[in-house]
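All remarks here apply to the structure that follows.
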Amino acid sequence: MPKKKARKSSARSTQSGSDQLRWMYTQMVRIREFEEAVKRTFIHHPGVIRGHSHLGDGAEASIVGALSTRHDTDFVMPSYRCHGYPIVLGTPLRQMMAEVFGRKDGLCGGFGGSMHLADPSRHFPGTSGIIGQSIAQATGAALTAQVKKKGQIVYCFFGDGASKQGAFFESLNMAAVWKLPIVYVLENNQYQAYTHFSLEDANAVAGDPLSKKAEAFSIPGATVDGTDPVAVQKVVAKAADRARAGKGPSLVETKFYRLSAHGNVITVPPLPTQFPEHEAVAVYGNRKEFERWKSKDPVKRFRERLLKSRVLTQASAKRIEAAARTEVEDAVQFALASPLPAPEEALQHVYA
Amino acid sequence: MAREMMYGDAIAAAIIAEMQRDPNVIFYGQNMAMTERDPMLKKFGKERVRIAPISETAEIGIGIGAAMTGLRPVVELWMSEFMLVAFDQVINEAPRFRYMSGGQVSVPVVLKAGYGFCAGWAGQHSNCIYHTMMGIPGLKVVVPSTPADAKGLMAAAIRDNNPVVYLHPYMLTLDKGEVPDGEYVVPLGVADIKRPGTDVTIVAIGWMVKKALAAAERLAEENISAEVIDPRTLAPLDVATVVNSVRKTGRVVLVDQAPRHSSAAVVIAGEIAEHAVGFLRALRMVTALDTPIPYSEPLENYVVPNEEKVVEAVKSVLTHKAVAA
């Protein structure tokens with residue numbers, strides 16, 4: 001088993017200019033490589049990943065752009081589609097992949113799996129697999145931040161589907177009443193599980209952006225191109241500043257396109273499972289839509305942009321990509337070699 | 001030193017004492033601390049004592065998130081049924097985070113609610129819903145039956161590093177009893193023998209402890225010695241204390257305000273069946289009848305367990321009469 005030192009936290013909101021753009025690209029590539037490795041595992045090692053895994057490919061610009069404004073002790077509370085965020089926070093990919101594989105060396109010892117990564121040492125307390133419910137818990141982290149007065153804020157990420165849950169409306173109301181230091185990032189990846197958002201969102205039906213929901217709580221709302229990390233950074237920075245200034249929550253809709261299906265196919269063992277085609281194709285027969293958005297792949301677009309502006313050269317881009325591939329491949333090998341937990345370990349961690 | 005105190009005041013005293021002891025304890029809920037005259041607000045300020053909108057999912061979810069990140073929230077929910085609109089947070093969020101994270105996080109939140117308000121509150125505000133919660137690993141459930149236990153168990157609930165549902169029977173709110181002064185903590189998971197006895201074991205929960213003690217008093221006049229056990233916490237459940245008593249008496253009556261199949265009694269009966277086999281000679285469950293709680297007083301009284309039903313059940317287990325299903 002190759003030994004490699006775990007990466008340190010790579011979140012750097014203090015960097016500026018080209019360094020930060022390269023940092024952004026690096027994180028986006030690391031996320032993409034990780035998600036593709038998870039997806040490949042369903043084919044190369046069937047049965048290794050159990051249950052339901054949800055990938056963030058397509059969300060890289062939203063995740064990295066938003067978290068590029070983060071300070072070191074700010075809380076990050078995403079949904080169950082949670083791989084991308086800890087990657088940016090510097091959680092070792094070895095432990096992350098081992099958790100997805102249900103191994104003893106996993107981030108959560110194999111107790112959580114893909115949907116329930118947690119790294120409280122990096123201010124990522126955990127996720128809920130029940131859509132929308134973590135919005136309330138993230139709001140609670142903002143209450144802690146407000147009461148403890150250590151200057152922390154909360155980055156709360158959730159999807160377009162979650163914004164139809166009662167937890168969303170109740171939480172935003174309470175956060176606005178209590179002026180809690182939180183940025184709600186509504187990641188509109190256009191599909192609520194298998195349903196296109198135009199079929200389930202009142203704002204979408206009316207032709208309005210989903211950030212219009214902010215008006216109901218008299219808080220700032222903005223919609224931004226979620227395929228552009230710099231645009232996301234700009235809008236989220238404003239919301240984060242407002243939270244830090246004690247002025248309360250904001251809602252930012254980052255609009256992009258989920259590039260993989262909602263999750264791997266739900267099958268009953270012993271049938272193997274893997275990722276199906278995207279819902280646009282598999283459910284709606286709309287390959288054109290899928291191809292159109294795929295051509296706007298945020299990682300590729302950002303690469304081209306950085307090459308054009310000479311922030312990256314072909315050589316430096318390839319170095320970043322090769323390093324990410326090596327890091328992820330090492331994580332896969334580590335996870336495959338990690339033992340499964342002993343059965344009786346199941347009795348641990350029920351009570352504190 | 002101890003002083004006489006009302007049950008409701010004993011709960012408040014514990015919350016105040018814990019808030020004085022630990023700055024991480026905060027307290028919020030609907031329709032509380034509404035004006036600046038509120039004594040809790042005066043004492044602890046607007047950061048730590050808050051009024052919340054009618055939003056149980058957010059109130060409980062915020063409590064969970066705050067607990068995961070370093071606070072110890074006590075959420076005032078008023079009536080246990082109000083938790084039902086947010087049951088995901090109670091059942092499928094709060095008790096899961098520690099386990100799912102492999103022990104990395106803990107969720108020290110207290111969900112405080114009254115229950116079983118049998119004073120004409122009819123079908124939706126008089127229920128006992130602890131059965132659903134007591135079987136959830138990771139969740140603790142507390143049901144105090146005396147002012148002293150109300151104080152000691154609230155202190156323990158707030159200090160516990162797990163989510164605790166603290167359920168107080170509304171019907172006991174004005175009951176008075178001796179409450180120890182100063183720091184007083186009753187450990188979770190330890191039953192209390194409220195009255196020792198030798199002929200029959202009565203296990204009663206919450207308000208029903210009062211009914212069971214009254215029944216035991218009457219039975220004593222007929223030279224029947226009943227041991228009354230109050231589990232005090234339904235999760236963790238002190239099975240050993242109950243089983244040891246049943247091994248001694250061989251006869252048991254379980255008194256529970258909840259309907260039969262959603263009672264704690266039915267769970268305790270199962271534990272007795274497994275652990276006191278060979279000793280058990282007769283068992284009866286005195287529970288609410290299988291109806292929603294009706295409004296009108298005679299209807300309500302008919303459905304809910306009372307002293308007479310307990311006395312009758314004790315006599316039946318002593319004569320070992322079979323009961324038709």
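Just so we're on the same page: first chain in the structure tokens is A, next is B, and so on; residues restart at 1 for each chain, and ligands are numbered from 1 in the order they show up.
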Quiz item: If you count only C-alpha atoms, which residues fall within 12 Å of Gly129 of chain A, apart from same-chain ones fewer than 2 positions away, as a PyMOL selection string?
Solution: (chain A and resi 51-54+78-82+112-117+126-127+131-135+158+162) or (chain B and resi 88-89+92-93+96-97+100)
Just the selected residues (N, CA, C and O atoms), exported as a short mmCIF file (atom, residue, chain, number, x, y, z; two decimals), in the first residue's frame, please.
data_model
loop_
_atom_site.label_atom_id
_atom_site.label_comp_id
_atom_site.auth_asym_id
_atom_site.auth_seq_id
_atom_site.Cartn_x
_atom_site.Cartn_y
_atom_site.Cartn_z
N GLY A 51 -25.70 0.96 -0.89
CA GLY A 51 -26.69 2.02 -0.68
C GLY A 51 -26.76 3.03 -1.80
O GLY A 51 -26.74 2.67 -2.97
N HIS A 52 -26.83 4.30 -1.43
CA HIS A 52 -27.06 5.36 -2.41
C HIS A 52 -25.95 6.40 -2.31
O HIS A 52 -25.70 6.95 -1.24
N SER A 53 -25.30 6.67 -3.43
CA SER A 53 -24.27 7.71 -3.49
C SER A 53 -24.73 8.82 -4.42
O SER A 53 -25.33 8.56 -5.47
N HIS A 54 -24.42 10.03 -4.06
CA HIS A 54 -24.86 11.20 -4.83
C HIS A 54 -23.64 12.05 -5.14
O HIS A 54 -22.89 12.41 -4.24
N PRO A 78 -23.43 21.05 4.34
CA PRO A 78 -24.06 20.69 3.06
C PRO A 78 -25.15 19.64 3.24
O PRO A 78 -25.45 19.22 4.36
N SER A 79 -25.72 19.23 2.12
CA SER A 79 -26.72 18.16 2.14
C SER A 79 -26.00 16.81 2.04
O SER A 79 -24.78 16.73 2.18
N TYR A 80 -26.76 15.78 1.76
CA TYR A 80 -26.20 14.42 1.61
C TYR A 80 -25.34 14.30 0.35
O TYR A 80 -24.59 13.34 0.19
N ARG A 81 -25.47 15.26 -0.57
CA ARG A 81 -24.59 15.26 -1.77
C ARG A 81 -23.32 15.99 -1.35
O ARG A 81 -23.09 17.13 -1.71
N CYS A 82 -22.52 15.30 -0.53
CA CYS A 82 -21.60 16.04 0.35
C CYS A 82 -20.11 15.85 0.06
O CYS A 82 -19.28 16.36 0.79
N GLY A 112 -21.26 5.89 8.37
CA GLY A 112 -22.09 6.86 7.67
C GLY A 112 -22.20 6.61 6.18
O GLY A 112 -23.27 6.67 5.61
N GLY A 113 -21.07 6.37 5.53
CA GLY A 113 -21.08 6.17 4.09
C GLY A 113 -21.14 7.47 3.31
O GLY A 113 -20.98 8.56 3.88
N SER A 114 -21.39 7.32 2.03
CA SER A 114 -21.34 8.46 1.10
C SER A 114 -22.22 9.63 1.53
O SER A 114 -21.83 10.79 1.39
N MET A 115 -23.40 9.35 2.03
CA MET A 115 -24.35 10.42 2.34
C MET A 115 -24.04 11.17 3.63
O MET A 115 -24.60 12.22 3.87
N HIS A 116 -23.22 10.55 4.49
CA HIS A 116 -23.10 11.11 5.84
C HIS A 116 -21.65 11.36 6.25
O HIS A 116 -21.23 11.03 7.35
N LEU A 117 -20.89 11.96 5.34
CA LEU A 117 -19.52 12.33 5.71
C LEU A 117 -19.59 13.39 6.80
O LEU A 117 -20.53 14.18 6.86
N GLY A 126 -21.58 17.47 9.89
CA GLY A 126 -22.30 16.30 9.41
C GLY A 126 -23.41 16.69 8.46
O GLY A 126 -23.63 17.87 8.19
N THR A 127 -24.08 15.67 7.94
CA THR A 127 -25.13 15.93 6.96
C THR A 127 -26.35 15.06 7.26
O THR A 127 -26.24 14.02 7.90
N ILE A 131 -34.02 15.08 2.75
CA ILE A 131 -33.87 16.33 1.99
C ILE A 131 -34.44 17.53 2.74
O ILE A 131 -35.59 17.52 3.17
N GLY A 132 -33.61 18.55 2.86
CA GLY A 132 -34.02 19.83 3.44
C GLY A 132 -33.82 19.94 4.93
O GLY A 132 -33.75 21.05 5.47
N GLN A 133 -33.74 18.82 5.63
CA GLN A 133 -33.72 18.88 7.10
C GLN A 133 -32.44 19.53 7.63
O GLN A 133 -32.45 20.17 8.67
N SER A 134 -31.34 19.36 6.89
CA SER A 134 -30.08 19.92 7.37
C SER A 134 -30.08 21.45 7.32
O SER A 134 -29.22 22.09 7.93
N ILE A 135 -31.03 22.04 6.61
CA ILE A 135 -31.10 23.51 6.58
C ILE A 135 -31.38 24.02 8.00
O ILE A 135 -30.81 25.02 8.44
N PHE A 158 -27.70 23.44 -0.08
CA PHE A 158 -28.79 22.48 -0.31
C PHE A 158 -29.28 22.65 -1.75
O PHE A 158 -28.93 23.63 -2.41
N ALA A 162 -34.71 20.75 -1.99
CA ALA A 162 -34.79 21.03 -0.55
C ALA A 162 -35.52 22.34 -0.27
O ALA A 162 -36.09 22.52 0.81
N ASP B 88 -39.35 13.98 12.12
CA ASP B 88 -38.08 13.61 11.48
C ASP B 88 -36.89 14.10 12.31
O ASP B 88 -35.94 13.36 12.54
N GLN B 89 -36.99 15.35 12.76
CA GLN B 89 -35.88 15.90 13.55
C GLN B 89 -35.68 15.14 14.86
O GLN B 89 -34.56 14.92 15.30
N ASN B 92 -35.28 10.90 13.47
CA ASN B 92 -34.37 10.50 12.39
C ASN B 92 -33.24 11.49 12.14
O ASN B 92 -32.52 11.37 11.15
N GLU B 93 -33.12 12.51 13.02
CA GLU B 93 -31.99 13.44 12.90
C GLU B 93 -31.18 13.42 14.20
O GLU B 93 -30.05 12.96 14.22
N ARG B 96 -29.26 10.32 15.27
CA ARG B 96 -28.48 9.65 14.23
C ARG B 96 -27.07 10.23 14.07
O ARG B 96 -26.18 9.53 13.58
N PHE B 97 -26.90 11.51 14.39
CA PHE B 97 -25.65 12.17 14.00
C PHE B 97 -24.42 11.57 14.66
O PHE B 97 -23.38 11.42 14.03
N MET B 100 -23.82 8.11 12.88
CA MET B 100 -23.43 8.23 11.47
C MET B 100 -22.04 8.83 11.32
O MET B 100 -21.35 8.57 10.33
#
Produce a table with one row for each residue of chain B that has an atom at most 6 Å from any atom of chain A, each row naming the nearest atom pair and its distance in Å at one decimal; use only C-alpha atoms; arrange rows by chain and rising residue number; format as JSON lines.
{"residue": "B:Ser55", "atom": "CA", "partner": "A:Glu170", "partner_atom": "CA", "distance": 5.7}
{"residue": "B:Thr57", "atom": "CA", "partner": "A:Ala167", "partner_atom": "CA", "distance": 5.9}
{"residue": "B:Ala58", "atom": "CA", "partner": "A:Ala136", "partner_atom": "CA", "distance": 5.1}
{"residue": "B:Gly61", "atom": "CA", "partner": "A:Ala136", "partner_atom": "CA", "distance": 4.6}
{"residue": "B:Ile62", "atom": "CA", "partner": "A:Gly140", "partner_atom": "CA", "distance": 3.6}
{"residue": "B:Gly63", "atom": "CA", "partner": "A:Gly140", "partner_atom": "CA", "distance": 5.8}
{"residue": "B:Ile64", "atom": "CA", "partner": "A:Gln137", "partner_atom": "CA", "distance": 5.9}
{"residue": "B:Gly65", "atom": "CA", "partner": "A:Gln137", "partner_atom": "CA", "distance": 3.9}
{"residue": "B:Ala66", "atom": "CA", "partner": "A:Gly140", "partner_atom": "CA", "distance": 4.2}
{"residue": "B:Thr69", "atom": "CA", "partner": "A:Ala141", "partner_atom": "CA", "distance": 5.8}
{"residue": "B:Tyr99", "atom": "CA", "partner": "A:His349", "partner_atom": "CA", "distance": 5.0}
{"residue": "B:Met100", "atom": "CA", "partner": "A:Gly112", "partner_atom": "CA", "distance": 4.3}
{"residue": "B:Ser101", "atom": "CA", "partner": "A:Cys108", "partner_atom": "CA", "distance": 4.8}
{"residue": "B:Gly102", "atom": "CA", "partner": "A:Cys108", "partner_atom": "CA", "distance": 4.3}
{"residue": "B:Gly103", "atom": "CA", "partner": "A:His349", "partner_atom": "CA", "distance": 4.8}
{"residue": "B:Gly138", "atom": "CA", "partner": "A:Val350", "partner_atom": "CA", "distance": 5.1}
{"residue": "B:Asn161", "atom": "CA", "partner": "A:Ala352", "partner_atom": "CA", "distance": 5.7}
Segment 181-191 of chain B: which residues within 9 Å, counting only C-alpha atoms, same-chain residues fewer than 2 positions away excluded, as a compact mmCIF listing (two decimals) with N, CA and C atoms, in the first residue's frame?
# COMPACT_ATOMS: atom_id res chain seq x y z
N MET B 1 -30.87 19.96 52.75
CA MET B 1 -32.06 20.81 52.90
C MET B 1 -33.00 20.60 51.71
N ALA B 2 -34.26 20.68 52.03
CA ALA B 2 -35.26 20.55 50.97
C ALA B 2 -36.40 21.53 51.25
N ARG B 3 -37.14 21.84 50.22
CA ARG B 3 -38.33 22.69 50.43
C ARG B 3 -39.47 22.17 49.58
N ALA B 14 -34.55 23.91 37.84
CA ALA B 14 -33.42 23.15 37.28
C ALA B 14 -32.85 23.84 36.05
N ALA B 17 -30.87 26.84 37.20
CA ALA B 17 -29.61 26.45 37.84
C ALA B 17 -28.58 26.00 36.80
N LYS B 140 -32.69 9.57 24.37
CA LYS B 140 -33.08 9.26 25.74
C LYS B 140 -34.45 9.88 26.01
N VAL B 141 -35.24 9.23 26.83
CA VAL B 141 -36.59 9.70 27.11
C VAL B 141 -36.80 9.70 28.62
N VAL B 142 -37.18 10.87 29.13
CA VAL B 142 -37.32 11.07 30.57
C VAL B 142 -38.77 11.41 30.89
N ALA B 148 -39.30 16.45 42.87
CA ALA B 148 -37.86 16.21 43.06
C ALA B 148 -37.24 15.58 41.82
N ASP B 149 -37.92 14.57 41.28
CA ASP B 149 -37.41 13.95 40.05
C ASP B 149 -37.44 14.93 38.88
N ALA B 150 -38.46 15.79 38.86
CA ALA B 150 -38.55 16.78 37.78
C ALA B 150 -37.30 17.65 37.77
N LYS B 151 -36.86 18.06 38.95
CA LYS B 151 -35.66 18.89 39.03
C LYS B 151 -34.40 18.09 38.69
N GLY B 152 -34.26 16.95 39.36
CA GLY B 152 -33.04 16.17 39.20
C GLY B 152 -32.86 15.60 37.80
N LEU B 153 -33.95 15.23 37.18
CA LEU B 153 -33.86 14.66 35.83
C LEU B 153 -33.63 15.75 34.78
N MET B 154 -34.16 16.96 35.03
CA MET B 154 -33.89 18.05 34.08
C MET B 154 -32.40 18.40 34.13
N ALA B 155 -31.84 18.46 35.32
CA ALA B 155 -30.41 18.75 35.44
C ALA B 155 -29.60 17.69 34.69
N ALA B 156 -29.97 16.44 34.89
CA ALA B 156 -29.24 15.35 34.22
C ALA B 156 -29.42 15.42 32.71
N ALA B 157 -30.64 15.75 32.27
CA ALA B 157 -30.93 15.82 30.84
C ALA B 157 -30.07 16.89 30.17
N ASP B 160 -26.46 15.79 29.98
CA ASP B 160 -26.21 14.61 29.16
C ASP B 160 -25.74 15.03 27.76
N VAL B 179 -38.43 19.06 47.45
CA VAL B 179 -37.39 19.12 46.42
C VAL B 179 -36.08 19.53 47.09
N ILE B 193 -37.86 2.94 43.31
CA ILE B 193 -38.95 2.21 43.99
C ILE B 193 -39.66 3.23 44.88
N ILE B 229 -42.99 0.81 41.32
CA ILE B 229 -41.73 1.19 40.67
C ILE B 229 -42.01 2.24 39.59
N ASP B 230 -41.22 3.29 39.60
CA ASP B 230 -41.29 4.32 38.57
C ASP B 230 -40.00 4.25 37.75
N PRO B 231 -40.07 3.86 36.49
CA PRO B 231 -38.83 3.76 35.70
C PRO B 231 -38.11 5.11 35.57
N ARG B 232 -38.84 6.19 35.62
CA ARG B 232 -38.33 7.58 35.52
C ARG B 232 -37.73 7.93 34.17
N THR B 233 -36.91 7.05 33.63
CA THR B 233 -36.48 7.23 32.24
C THR B 233 -36.92 5.99 31.47
N LEU B 234 -37.54 6.21 30.31
CA LEU B 234 -38.00 5.08 29.49
C LEU B 234 -36.88 4.62 28.57
N ALA B 235 -35.95 5.52 28.30
CA ALA B 235 -34.75 5.16 27.54
C ALA B 235 -33.60 5.97 28.10
N PRO B 236 -32.56 5.35 28.65
CA PRO B 236 -32.45 3.90 28.84
C PRO B 236 -33.43 3.42 29.91
N LEU B 237 -33.91 2.21 29.72
CA LEU B 237 -34.90 1.63 30.62
C LEU B 237 -34.19 0.73 31.63
N ASP B 238 -34.49 0.96 32.90
CA ASP B 238 -33.87 0.18 33.98
C ASP B 238 -34.65 -1.14 34.13
N VAL B 239 -34.36 -2.07 33.28
CA VAL B 239 -35.07 -3.35 33.26
C VAL B 239 -34.76 -4.14 34.54
N ALA B 240 -33.53 -4.04 35.01
CA ALA B 240 -33.09 -4.87 36.15
C ALA B 240 -33.94 -4.62 37.40
N THR B 241 -34.21 -3.35 37.71
CA THR B 241 -34.98 -3.04 38.91
C THR B 241 -36.39 -3.65 38.83
N VAL B 242 -36.98 -3.56 37.65
CA VAL B 242 -38.33 -4.13 37.45
C VAL B 242 -38.28 -5.65 37.57
Exercise. List every residue of segment 162-296 of chain A that DSSP, applied to the backbone of this structure, places in helix (DSSP H, G or I), and write the result as a ChimeraX atom specification.
Key: /A:162-164,166-177,197-199,202-205,210-217,229-244,279-282,287-294
Quiz item: Hey, which of A:Pro92, A:Pro249, A:Pro46, A:Pro341 ends up closest to Pro269 of chain A? Count only C-alpha atoms.
Solution: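 Between A:Pro92, A:Pro249, A:Pro46, A:Pro341, the residue approaching Pro269 of chain A most closely is A:Pro46.
Taking only C-alpha atoms into account, Phe197 of chain A lies nearest to A:Glu279 out of the set A:Glu60, A:Thr273, A:Val268, A:Glu279.
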Practice problem: Would you mind listing what lies within 12 Å of Asn223 of chain B as an MDAnalysis selection string, with only C-alpha atoms counted and same-chain residues fewer than 3 positions away left out? | Solution: chainID B and resid 197:200 216:220 226 315
Exercise. Could you find all residues in segment 57-235 of chain A that DSSP calls strand (DSSP E) from the backbone, and write them as a PyMOL selection string?
Key: chain A and resi 75-77+154-159+182-188+191-192+195-196+221-225
Self-check item: Selection: 7 Å around Pro229 of chain A, only C-alpha atoms, excl. self and same-chain fewer than 2 positions, as an MDAnalysis selection string
Solution: chainID A and resid 61:62 64:65 226:227 231:233
For those residues, write N, CA, C and O atoms to a file as a PDB file, in the first residue's frame.
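Everything below was put into part.pdb:
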ATOM      1  N   ALA A  61     -17.992  24.585  -9.408  1.00  0.00           N
ATOM      2  CA  ALA A  61     -17.812  26.045  -9.372  1.00  0.00           C
ATOM      3  C   ALA A  61     -18.594  26.654  -8.217  1.00  0.00           C
ATOM      4  O   ALA A  61     -18.139  27.596  -7.556  1.00  0.00           O
ATOM      5  N   SER A  62     -19.774  26.093  -7.965  1.00  0.00           N
ATOM      6  CA  SER A  62     -20.603  26.581  -6.862  1.00  0.00           C
ATOM      7  C   SER A  62     -19.927  26.316  -5.524  1.00  0.00           C
ATOM      8  O   SER A  62     -19.819  27.208  -4.668  1.00  0.00           O
ATOM      9  N   VAL A  64     -16.688  25.553  -4.849  1.00  0.00           N
ATOM     10  CA  VAL A  64     -15.377  26.184  -4.661  1.00  0.00           C
ATOM     11  C   VAL A  64     -15.509  27.708  -4.629  1.00  0.00           C
ATOM     12  O   VAL A  64     -14.878  28.387  -3.796  1.00  0.00           O
ATOM     13  N   GLY A  65     -16.355  28.243  -5.480  1.00  0.00           N
ATOM     14  CA  GLY A  65     -16.556  29.695  -5.479  1.00  0.00           C
ATOM     15  C   GLY A  65     -17.075  30.171  -4.125  1.00  0.00           C
ATOM     16  O   GLY A  65     -16.575  31.152  -3.566  1.00  0.00           O
ATOM     17  N   GLY A 226     -23.856  29.478 -11.647  1.00  0.00           N
ATOM     18  CA  GLY A 226     -23.153  28.518 -10.796  1.00  0.00           C
ATOM     19  C   GLY A 226     -22.118  27.695 -11.538  1.00  0.00           C
ATOM     20  O   GLY A 226     -21.540  26.772 -10.951  1.00  0.00           O
ATOM     21  N   THR A 227     -21.877  28.013 -12.812  1.00  0.00           N
ATOM     22  CA  THR A 227     -20.792  27.329 -13.509  1.00  0.00           C
ATOM     23  C   THR A 227     -19.525  28.187 -13.513  1.00  0.00           C
ATOM     24  O   THR A 227     -18.510  27.791 -14.063  1.00  0.00           O
ATOM     25  N   ALA A 231     -17.786  34.289 -10.410  1.00  0.00           N
ATOM     26  CA  ALA A 231     -19.089  34.950 -10.231  1.00  0.00           C
ATOM     27  C   ALA A 231     -19.722  34.518  -8.916  1.00  0.00           C
ATOM     28  O   ALA A 231     -20.271  35.342  -8.172  1.00  0.00           O
ATOM     29  N   VAL A 232     -19.626  33.224  -8.610  1.00  0.00           N
ATOM     30  CA  VAL A 232     -20.181  32.716  -7.353  1.00  0.00           C
ATOM     31  C   VAL A 232     -19.468  33.373  -6.175  1.00  0.00           C
ATOM     32  O   VAL A 232     -20.087  33.845  -5.219  1.00  0.00           O
ATOM     33  N   GLN A 233     -18.153  33.430  -6.274  1.00  0.00           N
ATOM     34  CA  GLN A 233     -17.364  34.033  -5.193  1.00  0.00           C
ATOM     35  C   GLN A 233     -17.819  35.460  -4.901  1.00  0.00           C
ATOM     36  O   GLN A 233     -17.995  35.850  -3.747  1.00  0.00           O
TER      37      GLN A 233
END
